[in-house]
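See below for the structure under consideration.
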Amino acid sequence: MKSDEMSGNVPQLLYGQVVVGNDIIEKGVVVIEGQSIVYAGSEANLPADWTAVVLANQEESVAKTAKIVRLEGGYLLPGFIDIHVHGGNGEDFMDSDPRVLDTITSFHGSQGTTAMLATTMTAPKEQIDRVLSEVHAYMVLPMPYAQLEGVHLEGPFISPKWPGAQNPEHIVPPNLSWIAEWEQRYPGLVRQLTLAPEREGALELIAWLRSHGITAALGHTDATYEEVEQAATAGLNHAVHAFNAMTPLHHRKPGAAGAVLADPRIEAEIIADGIHVHPAAISLLAKLKQDHNLILITDAMSATGLEDGKYTLGDLPVIVQGGVARLEDGVTLAGSTLTMIEGFRYLVQHVGVGIPAASQMASLNPARSLHIADRTGSLKAGKQADILLLDGDLNLQGVWIKGLRK
């Protein structure tokens, strides 16, 4: 790639089917200047000054004034934002250091993720302390790949009855003093906390989280429907990997899953890989969660992007066979090997979600959840140039992060 393109000094015009809101502009164009989108819309309505730039580029006698990218039948959509991801390409966020963070963010960046939350596991406090310190230091400097927007603490305040692939030895009751300490030391770093809302002290912690702008999420929970509703009244507003590691839906005992389905106050994550959730259940969830409150995630672990074999998730051994990650018991799912582009394709091709709706689940909805939708998550003038180029079969052909093609 030419140095001027890499520096972002040359304007870029990307042509294709542009996904904007609920629409697809068939003959569209997105214009990038520096790190920002300056136009996203119909090619026919391209401002005159940019039309002149295009014409100038077509004249062999003049110097190139812009980088023009066209893909016949291709789609342009906002970069994916993954708020629940543990690692990839052989590395785990629990082992965070600059090299590990570069490895994870570069891998997922190559798969269409332009922003993400570093997600921890249930672990001793000192290990979580270290991860927070490393991620904070990494975020202070310019990040070269997918941008870390903070940390998602998955545990350790979960239910010992629903540990999933979390180590039960490290599960502890909700501890407000820990979170308050982390927030004081690293203001704004913790963006989401997953806990079991039925545990003693959880409601107080939920209220504190929401008062500090932190997402309070249920997960790995034995809560009843009634307990989830009580928690939602206290401020609970999110559910991790819907249907998984929570009390299931029954027509006389709706459980946590039923509360997630029925309560519009609770936004839901979904792992769209055909392994964690049946496509019919995803379709049902998508029909009920239409107010920007369904979010595509990967829950990806370190084996993502690599071959089958033996790995670890946190400090637990994992076996990956046929791309499916399970604990050594051969039953318990241990995260996934999903990427956001694969999850996006699955929503469209197997669940029947339209491209604009799937795009919102993968980009705008998580941006809204993180309160960063004013700068990313959609293709709109003034927003960060976090952009994906897909071909007609929804295969990734290009990734731009802050205006730079990766």
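Lettering and numbering for the structure tokens are positional, with chains as A, B, ... in the shown order, residues counted from 1 in each chain, and ligands counted from 1 in the shown order.
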Run DSSP on the backbone and tell me which residues of range 230-395 of chain A come out as alpha helix (DSSP H); list them as an mmCIF file with N, CA, C and O atoms, in the first residue's frame.
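Writing done, so here's states10.cif:
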data_model
loop_
_atom_site.group_PDB
_atom_site.id
_atom_site.type_symbol
_atom_site.label_atom_id
_atom_site.label_comp_id
_atom_site.auth_asym_id
_atom_site.auth_seq_id
_atom_site.Cartn_x
_atom_site.Cartn_y
_atom_site.Cartn_z
ATOM 1 N N GLN A 230 -37.026 -7.797 38.831
ATOM 2 C CA GLN A 230 -36.635 -6.955 39.961
ATOM 3 C C GLN A 230 -35.293 -6.282 39.670
ATOM 4 O O GLN A 230 -35.107 -5.085 39.962
ATOM 5 N N ALA A 231 -34.380 -7.029 39.079
ATOM 6 C CA ALA A 231 -33.071 -6.472 38.733
ATOM 7 C C ALA A 231 -33.189 -5.406 37.650
ATOM 8 O O ALA A 231 -32.481 -4.386 37.686
ATOM 9 N N ALA A 232 -34.084 -5.612 36.674
ATOM 10 C CA ALA A 232 -34.285 -4.619 35.621
ATOM 11 C C ALA A 232 -34.817 -3.316 36.204
ATOM 12 O O ALA A 232 -34.451 -2.222 35.761
ATOM 13 N N THR A 233 -35.667 -3.422 37.195
ATOM 14 C CA THR A 233 -36.168 -2.227 37.877
ATOM 15 C C THR A 233 -35.031 -1.507 38.600
ATOM 16 O O THR A 233 -35.017 -0.271 38.680
ATOM 17 N N ALA A 234 -34.056 -2.270 39.089
ATOM 18 C CA ALA A 234 -32.889 -1.678 39.753
ATOM 19 C C ALA A 234 -31.897 -1.083 38.763
ATOM 20 O O ALA A 234 -31.005 -0.333 39.160
ATOM 21 N N GLY A 255 -38.346 -18.040 33.364
ATOM 22 C CA GLY A 255 -36.917 -18.023 33.618
ATOM 23 C C GLY A 255 -36.249 -16.737 33.154
ATOM 24 O O GLY A 255 -36.887 -15.776 32.701
ATOM 25 N N ALA A 256 -34.919 -16.725 33.267
ATOM 26 C CA ALA A 256 -34.154 -15.559 32.814
ATOM 27 C C ALA A 256 -34.299 -15.364 31.317
ATOM 28 O O ALA A 256 -34.421 -14.231 30.840
ATOM 29 N N ALA A 257 -34.313 -16.469 30.561
ATOM 30 C CA ALA A 257 -34.449 -16.352 29.101
ATOM 31 C C ALA A 257 -35.776 -15.702 28.735
ATOM 32 O O ALA A 257 -35.838 -14.863 27.823
ATOM 33 N N GLY A 258 -36.841 -16.063 29.447
ATOM 34 C CA GLY A 258 -38.140 -15.462 29.174
ATOM 35 C C GLY A 258 -38.160 -13.981 29.482
ATOM 36 O O GLY A 258 -38.776 -13.183 28.756
ATOM 37 N N ALA A 259 -37.486 -13.584 30.561
ATOM 38 C CA ALA A 259 -37.412 -12.165 30.907
ATOM 39 C C ALA A 259 -36.649 -11.384 29.840
ATOM 40 O O ALA A 259 -37.034 -10.271 29.481
ATOM 41 N N VAL A 260 -35.584 -11.973 29.345
ATOM 42 C CA VAL A 260 -34.805 -11.312 28.292
ATOM 43 C C VAL A 260 -35.654 -11.116 27.041
ATOM 44 O O VAL A 260 -35.640 -10.048 26.412
ATOM 45 N N LEU A 261 -36.428 -12.146 26.691
ATOM 46 C CA LEU A 261 -37.296 -12.054 25.518
ATOM 47 C C LEU A 261 -38.390 -11.002 25.704
ATOM 48 O O LEU A 261 -38.703 -10.246 24.777
ATOM 49 N N ALA A 262 -38.963 -10.940 26.900
ATOM 50 C CA ALA A 262 -40.175 -10.156 27.097
ATOM 51 C C ALA A 262 -39.934 -8.710 27.511
ATOM 52 O O ALA A 262 -40.784 -7.851 27.256
ATOM 53 N N PRO A 279 -31.168 -21.409 14.871
ATOM 54 C CA PRO A 279 -31.591 -20.237 14.087
ATOM 55 C C PRO A 279 -33.033 -19.818 14.336
ATOM 56 O O PRO A 279 -33.354 -18.633 14.248
ATOM 57 N N ALA A 280 -33.915 -20.752 14.672
ATOM 58 C CA ALA A 280 -35.306 -20.386 14.965
ATOM 59 C C ALA A 280 -35.386 -19.542 16.231
ATOM 60 O O ALA A 280 -36.186 -18.599 16.316
ATOM 61 N N ALA A 281 -34.548 -19.868 17.222
ATOM 62 C CA ALA A 281 -34.532 -19.080 18.455
ATOM 63 C C ALA A 281 -33.946 -17.695 18.205
ATOM 64 O O ALA A 281 -34.393 -16.702 18.780
ATOM 65 N N ILE A 282 -32.934 -17.617 17.337
ATOM 66 C CA ILE A 282 -32.388 -16.307 16.974
ATOM 67 C C ILE A 282 -33.450 -15.479 16.267
ATOM 68 O O ILE A 282 -33.617 -14.281 16.537
ATOM 69 N N SER A 283 -34.199 -16.120 15.369
ATOM 70 C CA SER A 283 -35.259 -15.417 14.638
ATOM 71 C C SER A 283 -36.314 -14.879 15.590
ATOM 72 O O SER A 283 -36.780 -13.733 15.452
ATOM 73 N N LEU A 284 -36.699 -15.682 16.574
ATOM 74 C CA LEU A 284 -37.671 -15.241 17.571
ATOM 75 C C LEU A 284 -37.142 -14.031 18.341
ATOM 76 O O LEU A 284 -37.847 -13.032 18.537
ATOM 77 N N LEU A 285 -35.890 -14.109 18.773
ATOM 78 C CA LEU A 285 -35.275 -13.010 19.506
ATOM 79 C C LEU A 285 -35.236 -11.750 18.642
ATOM 80 O O LEU A 285 -35.525 -10.654 19.120
ATOM 81 N N ALA A 286 -34.892 -11.913 17.368
ATOM 82 C CA ALA A 286 -34.800 -10.761 16.464
ATOM 83 C C ALA A 286 -36.162 -10.096 16.253
ATOM 84 O O ALA A 286 -36.241 -8.872 16.095
ATOM 85 N N LYS A 287 -37.214 -10.883 16.259
ATOM 86 C CA LYS A 287 -38.560 -10.315 16.090
ATOM 87 C C LYS A 287 -38.981 -9.500 17.315
ATOM 88 O O LYS A 287 -39.740 -8.539 17.207
ATOM 89 N N LEU A 288 -38.493 -9.912 18.497
ATOM 90 C CA LEU A 288 -38.878 -9.232 19.727
ATOM 91 C C LEU A 288 -37.958 -8.063 20.068
ATOM 92 O O LEU A 288 -38.375 -7.125 20.752
ATOM 93 N N MET A 340 -16.838 -11.888 13.629
ATOM 94 C CA MET A 340 -18.018 -11.058 13.391
ATOM 95 C C MET A 340 -18.513 -11.181 11.946
ATOM 96 O O MET A 340 -19.728 -11.186 11.707
ATOM 97 N N ILE A 341 -17.623 -11.297 10.992
ATOM 98 C CA ILE A 341 -18.080 -11.415 9.600
ATOM 99 C C ILE A 341 -18.825 -12.732 9.401
ATOM 100 O O ILE A 341 -19.836 -12.787 8.686
ATOM 101 N N GLU A 342 -18.382 -13.793 10.065
ATOM 102 C CA GLU A 342 -19.095 -15.071 9.971
ATOM 103 C C GLU A 342 -20.459 -14.979 10.637
ATOM 104 O O GLU A 342 -21.448 -15.508 10.113
ATOM 105 N N GLY A 343 -20.523 -14.323 11.798
ATOM 106 C CA GLY A 343 -21.808 -14.147 12.473
ATOM 107 C C GLY A 343 -22.765 -13.302 11.660
ATOM 108 O O GLY A 343 -23.964 -13.591 11.588
ATOM 109 N N PHE A 344 -22.252 -12.256 11.034
ATOM 110 C CA PHE A 344 -23.067 -11.398 10.178
ATOM 111 C C PHE A 344 -23.646 -12.211 9.024
ATOM 112 O O PHE A 344 -24.850 -12.134 8.724
ATOM 113 N N ARG A 345 -22.805 -12.991 8.366
ATOM 114 C CA ARG A 345 -23.281 -13.832 7.248
ATOM 115 C C ARG A 345 -24.327 -14.830 7.717
ATOM 116 O O ARG A 345 -25.314 -15.085 7.022
ATOM 117 N N TYR A 346 -24.114 -15.406 8.899
ATOM 118 C CA TYR A 346 -25.065 -16.393 9.411
ATOM 119 C C TYR A 346 -26.432 -15.757 9.638
ATOM 120 O O TYR A 346 -27.470 -16.356 9.296
ATOM 121 N N ILE A 355 -29.913 -7.493 5.366
ATOM 122 C CA ILE A 355 -28.573 -6.926 5.513
ATOM 123 C C ILE A 355 -28.577 -5.663 6.370
ATOM 124 O O ILE A 355 -27.741 -5.528 7.268
ATOM 125 N N PRO A 356 -29.485 -4.709 6.157
ATOM 126 C CA PRO A 356 -29.466 -3.517 7.010
ATOM 127 C C PRO A 356 -29.697 -3.847 8.491
ATOM 128 O O PRO A 356 -29.024 -3.281 9.364
ATOM 129 N N ALA A 357 -30.622 -4.754 8.777
ATOM 130 C CA ALA A 357 -30.894 -5.120 10.169
ATOM 131 C C ALA A 357 -29.703 -5.836 10.790
ATOM 132 O O ALA A 357 -29.326 -5.574 11.945
ATOM 133 N N ALA A 358 -29.085 -6.747 10.034
ATOM 134 C CA ALA A 358 -27.905 -7.454 10.542
ATOM 135 C C ALA A 358 -26.760 -6.480 10.784
ATOM 136 O O ALA A 358 -26.009 -6.611 11.761
ATOM 137 N N SER A 359 -26.631 -5.499 9.897
ATOM 138 C CA SER A 359 -25.601 -4.474 10.074
ATOM 139 C C SER A 359 -25.820 -3.698 11.367
ATOM 140 O O SER A 359 -24.870 -3.416 12.107
ATOM 141 N N ASN A 365 -26.060 -1.015 17.004
ATOM 142 C CA ASN A 365 -26.594 -1.388 18.322
ATOM 143 C C ASN A 365 -25.504 -1.485 19.388
ATOM 144 O O ASN A 365 -25.674 -0.954 20.488
ATOM 145 N N PRO A 366 -24.382 -2.160 19.105
ATOM 146 C CA PRO A 366 -23.322 -2.141 20.124
ATOM 147 C C PRO A 366 -22.743 -0.743 20.346
ATOM 148 O O PRO A 366 -22.348 -0.413 21.462
ATOM 149 N N ALA A 367 -22.698 0.083 19.293
ATOM 150 C CA ALA A 367 -22.224 1.455 19.467
ATOM 151 C C ALA A 367 -23.142 2.222 20.409
ATOM 152 O O ALA A 367 -22.681 2.976 21.274
ATOM 153 N N ARG A 368 -24.448 2.026 20.262
ATOM 154 C CA ARG A 368 -25.405 2.672 21.160
ATOM 155 C C ARG A 368 -25.237 2.156 22.589
ATOM 156 O O ARG A 368 -25.315 2.916 23.552
ATOM 157 N N SER A 369 -25.019 0.850 22.727
ATOM 158 C CA SER A 369 -24.835 0.268 24.051
ATOM 159 C C SER A 369 -23.621 0.870 24.755
ATOM 160 O O SER A 369 -23.641 1.090 25.971
#
Checklist entry - Which is closest to Thr298 in chain A among A:Glu181, A:Glu72, A:Asp82, A:Asp49, if we use only C-alpha atoms? => result A:Asp82
Item to check | Separation of CA of Phe243 in chain A from CA of Val277 in chain A, in Å and rounded to one decimal | outcome: 7.2 Å
Item to check | Contacts of Leu388 in chain A at 6 Å (only C-alpha atoms; same-chain gap of 4+ positions) as a PyMOL selection string | outcome: chain A and resi 76-79+398-399
Checklist outcome for this item: Using only C-alpha atoms, the best pick from A:Ile275, A:Ile68, A:Ile32, A:Ala300 as closest to Thr332 in chain A would be A:Ile275
Next on the checklist: Taking only range 118-347 of chain A into account, list the residues labelled strand (DSSP E or B) by DSSP (computed from the backbone), as a VMD selection string.
Outcome noted: chain A and resid 118 to 119 147 to 154 190 to 195 215 to 218 221 238 to 239 246 267 to 271 294 to 297 300 309 to 313 316 to 321 324 to 327 333 336
Checklist entry - Pick the closest to His371 in chain A from A:Met121, A:Ile214, A:Leu189, A:Val131: which is it, counting only C-alpha atoms? => result A:Ile214
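Residues within 9 Å of Val324 in chain A, counting only C-alpha atoms and excluding same-chain residues fewer than 3 positions away, are A:Ile275, A:Asp308, A:Ile319, A:Val320, A:Gln321, A:Leu333, A:Ala334, A:Gly335, A:Ser336, A:Thr337.
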Store the residues picked out above in a file with N, CA and C atoms, as a PDB file, in the first residue's frame.
ATOM      1  N   ILE A 275     -24.403 -22.976  16.605  1.00  0.00           N
ATOM      2  CA  ILE A 275     -23.989 -23.950  17.623  1.00  0.00           C
ATOM      3  C   ILE A 275     -24.578 -23.569  18.974  1.00  0.00           C
ATOM      4  N   ASP A 308      -8.159 -26.906  14.731  1.00  0.00           N
ATOM      5  CA  ASP A 308      -8.620 -27.698  15.866  1.00  0.00           C
ATOM      6  C   ASP A 308      -7.429 -28.095  16.742  1.00  0.00           C
ATOM      7  N   ILE A 319     -10.936 -28.085  24.331  1.00  0.00           N
ATOM      8  CA  ILE A 319     -10.672 -28.871  23.125  1.00  0.00           C
ATOM      9  C   ILE A 319     -11.556 -28.346  22.002  1.00  0.00           C
ATOM     10  N   VAL A 320     -10.937 -28.033  20.867  1.00  0.00           N
ATOM     11  CA  VAL A 320     -11.675 -27.553  19.705  1.00  0.00           C
ATOM     12  C   VAL A 320     -11.702 -28.664  18.661  1.00  0.00           C
ATOM     13  N   GLN A 321     -12.922 -29.088  18.305  1.00  0.00           N
ATOM     14  CA  GLN A 321     -13.117 -30.104  17.269  1.00  0.00           C
ATOM     15  C   GLN A 321     -14.157 -29.605  16.288  1.00  0.00           C
ATOM     16  N   LEU A 333     -19.929 -25.886  26.271  1.00  0.00           N
ATOM     17  CA  LEU A 333     -19.357 -24.972  25.293  1.00  0.00           C
ATOM     18  C   LEU A 333     -18.434 -23.983  25.987  1.00  0.00           C
ATOM     19  N   ALA A 334     -17.312 -23.691  25.339  1.00  0.00           N
ATOM     20  CA  ALA A 334     -16.293 -22.810  25.927  1.00  0.00           C
ATOM     21  C   ALA A 334     -16.030 -21.645  24.981  1.00  0.00           C
ATOM     22  N   GLY A 335     -16.955 -20.698  24.977  1.00  0.00           N
ATOM     23  CA  GLY A 335     -16.837 -19.619  24.013  1.00  0.00           C
ATOM     24  C   GLY A 335     -17.044 -20.151  22.615  1.00  0.00           C
ATOM     25  N   SER A 336     -16.497 -19.441  21.633  1.00  0.00           N
ATOM     26  CA  SER A 336     -16.685 -19.851  20.242  1.00  0.00           C
ATOM     27  C   SER A 336     -15.413 -19.610  19.456  1.00  0.00           C
ATOM     28  N   THR A 337     -15.433 -20.029  18.207  1.00  0.00           N
ATOM     29  CA  THR A 337     -14.360 -19.685  17.262  1.00  0.00           C
ATOM     30  C   THR A 337     -14.938 -18.809  16.144  1.00  0.00           C
TER      31      THR A 337
END
Checklist entry - Nearest to Phe80 in chain A: which of A:His108, A:His250, A:Arg199, A:Arg99 is it, counting only C-alpha atoms? => result A:His108
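Taking only C-alpha atoms, the non-local environment of Leu364 in chain A within 6 Å (same-chain residues fewer than 4 positions away omitted) comprises Gln360, Gly377 and Ser378 of chain A.
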Checklist entry - Which polymer residues have any atom within 7 Å of an atom of range 28-30 of chain A, counting only C-alpha atoms, with same-chain residues fewer than 3 positions away left out, as number ranges by chain? => result A: 13-18, 25, 39-43
Next on the checklist: Which residue is closest to Arg185 in chain A? Choose from A:Gln35, A:Tyr145, A:Glu200, A:Leu132 and count only C-alpha atoms.
Outcome noted: A:Leu132
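Going from CA of Ala381 in chain A to CA of Val140 in chain A covers 26.5 Å.
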